[in-house]
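Engineer: Mind looking over this structure? Questions follow.
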Amino acid sequence: MERNQDFAFEWWMKAAEQQDVEAQTNIGRYFEFGKGREIDLIQALFWYRKAAAQGNQDAMDAVERLLHEQ
């Protein structure tokens, strides 16, 4: 299962780097929840902010949630 998570993460990351808003939001989730990765809230916030800047409501909500938790 971990191998599949790594594979999926790599594909999502490639798409996120190409400004794909859904991929950026998913990469944020990988980092926020430790999905196949170590939890890294700084990276989660970075990717959520990129998606939020493109108008993704889920990412906007995640940014608010993370900023209020700290």
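Ordered as shown in the structure tokens, chains take letters A, B, and onward, while each chain numbers its residues from 1 and ligands are numbered from 1 in the order shown.
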Can you check which residues of chain A DSSP gives as helix (DSSP H, G or I) on the backbone and send them as a PyMOL selection string?
Structural biologist: chain A and resi 2-17+21-33+41-53+57-69
Engineer: Find, counting only C-alpha atoms, the residue in A:Glu17, A:Glu10, A:Arg65, A:Asn56 that gets nearest to A:Tyr30.
Structural biologist: A:Glu10
Engineer: Hey, can you check how far atom CA of A:Asp20 sits from atom CA of A:Asp61?
Structural biologist: 17.8 Å
Engineer: Which residue out of A:Ala16, A:Ala52, A:Leu41, A:Ala8 has the minimum interatomic distance to A:Glu69 when only C-alpha atoms are used?
Structural biologist: A:Leu41
Engineer: Could you check the closest approach to A:Gln54 for each of A:Val21, A:Ile39, A:Met13, A:Ile27 and tell me which residue wins, using only C-alpha atoms?
Structural biologist: A:Val21
Engineer: Excluding A:Gly28 and residues on its chain fewer than 5 positions from it, collect all residues at most 9 Å away from it, counting only C-alpha atoms, and give them as number ranges by chain.
Structural biologist: A: 23, 33, 41, 43-49, 51, 59, 62
Engineer: Would you put the residues from that selection into a file with C-alpha atoms, as a short mmCIF file (atom, residue, chain, number, x, y, z; two decimals), in the first residue's frame?
Structural biologist:
data_model
loop_
_atom_site.label_atom_id
_atom_site.label_comp_id
_atom_site.auth_asym_id
_atom_site.auth_seq_id
_atom_site.Cartn_x
_atom_site.Cartn_y
_atom_site.Cartn_z
CA ALA A 23 -3.67 18.41 -7.25
CA PHE A 33 -2.82 14.28 7.42
CA LEU A 41 1.85 21.55 8.25
CA GLN A 43 4.08 22.25 3.37
CA ALA A 44 0.35 21.65 3.73
CA LEU A 45 -0.27 25.35 4.17
CA PHE A 46 2.00 26.17 1.21
CA TRP A 47 0.02 23.94 -1.17
CA TYR A 48 -3.37 24.90 0.23
CA ARG A 49 -2.52 28.58 -0.25
CA ALA A 51 -4.93 26.26 -4.49
CA ALA A 59 -8.22 24.88 0.11
CA ALA A 62 -8.04 24.34 5.01
#
Engineer: How many Å separate atom CA of A:Asn4 from atom CA of A:Val63?
Structural biologist: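 Those two atoms sit 27.1 Å apart.
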Engineer: Pick the closest to A:Gly55 from A:Gln24, A:Glu32, A:Leu67, A:Glu38: which is it, counting only C-alpha atoms?
Structural biologist: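 Distance minimum relative to A:Gly55 lands on A:Gln24.
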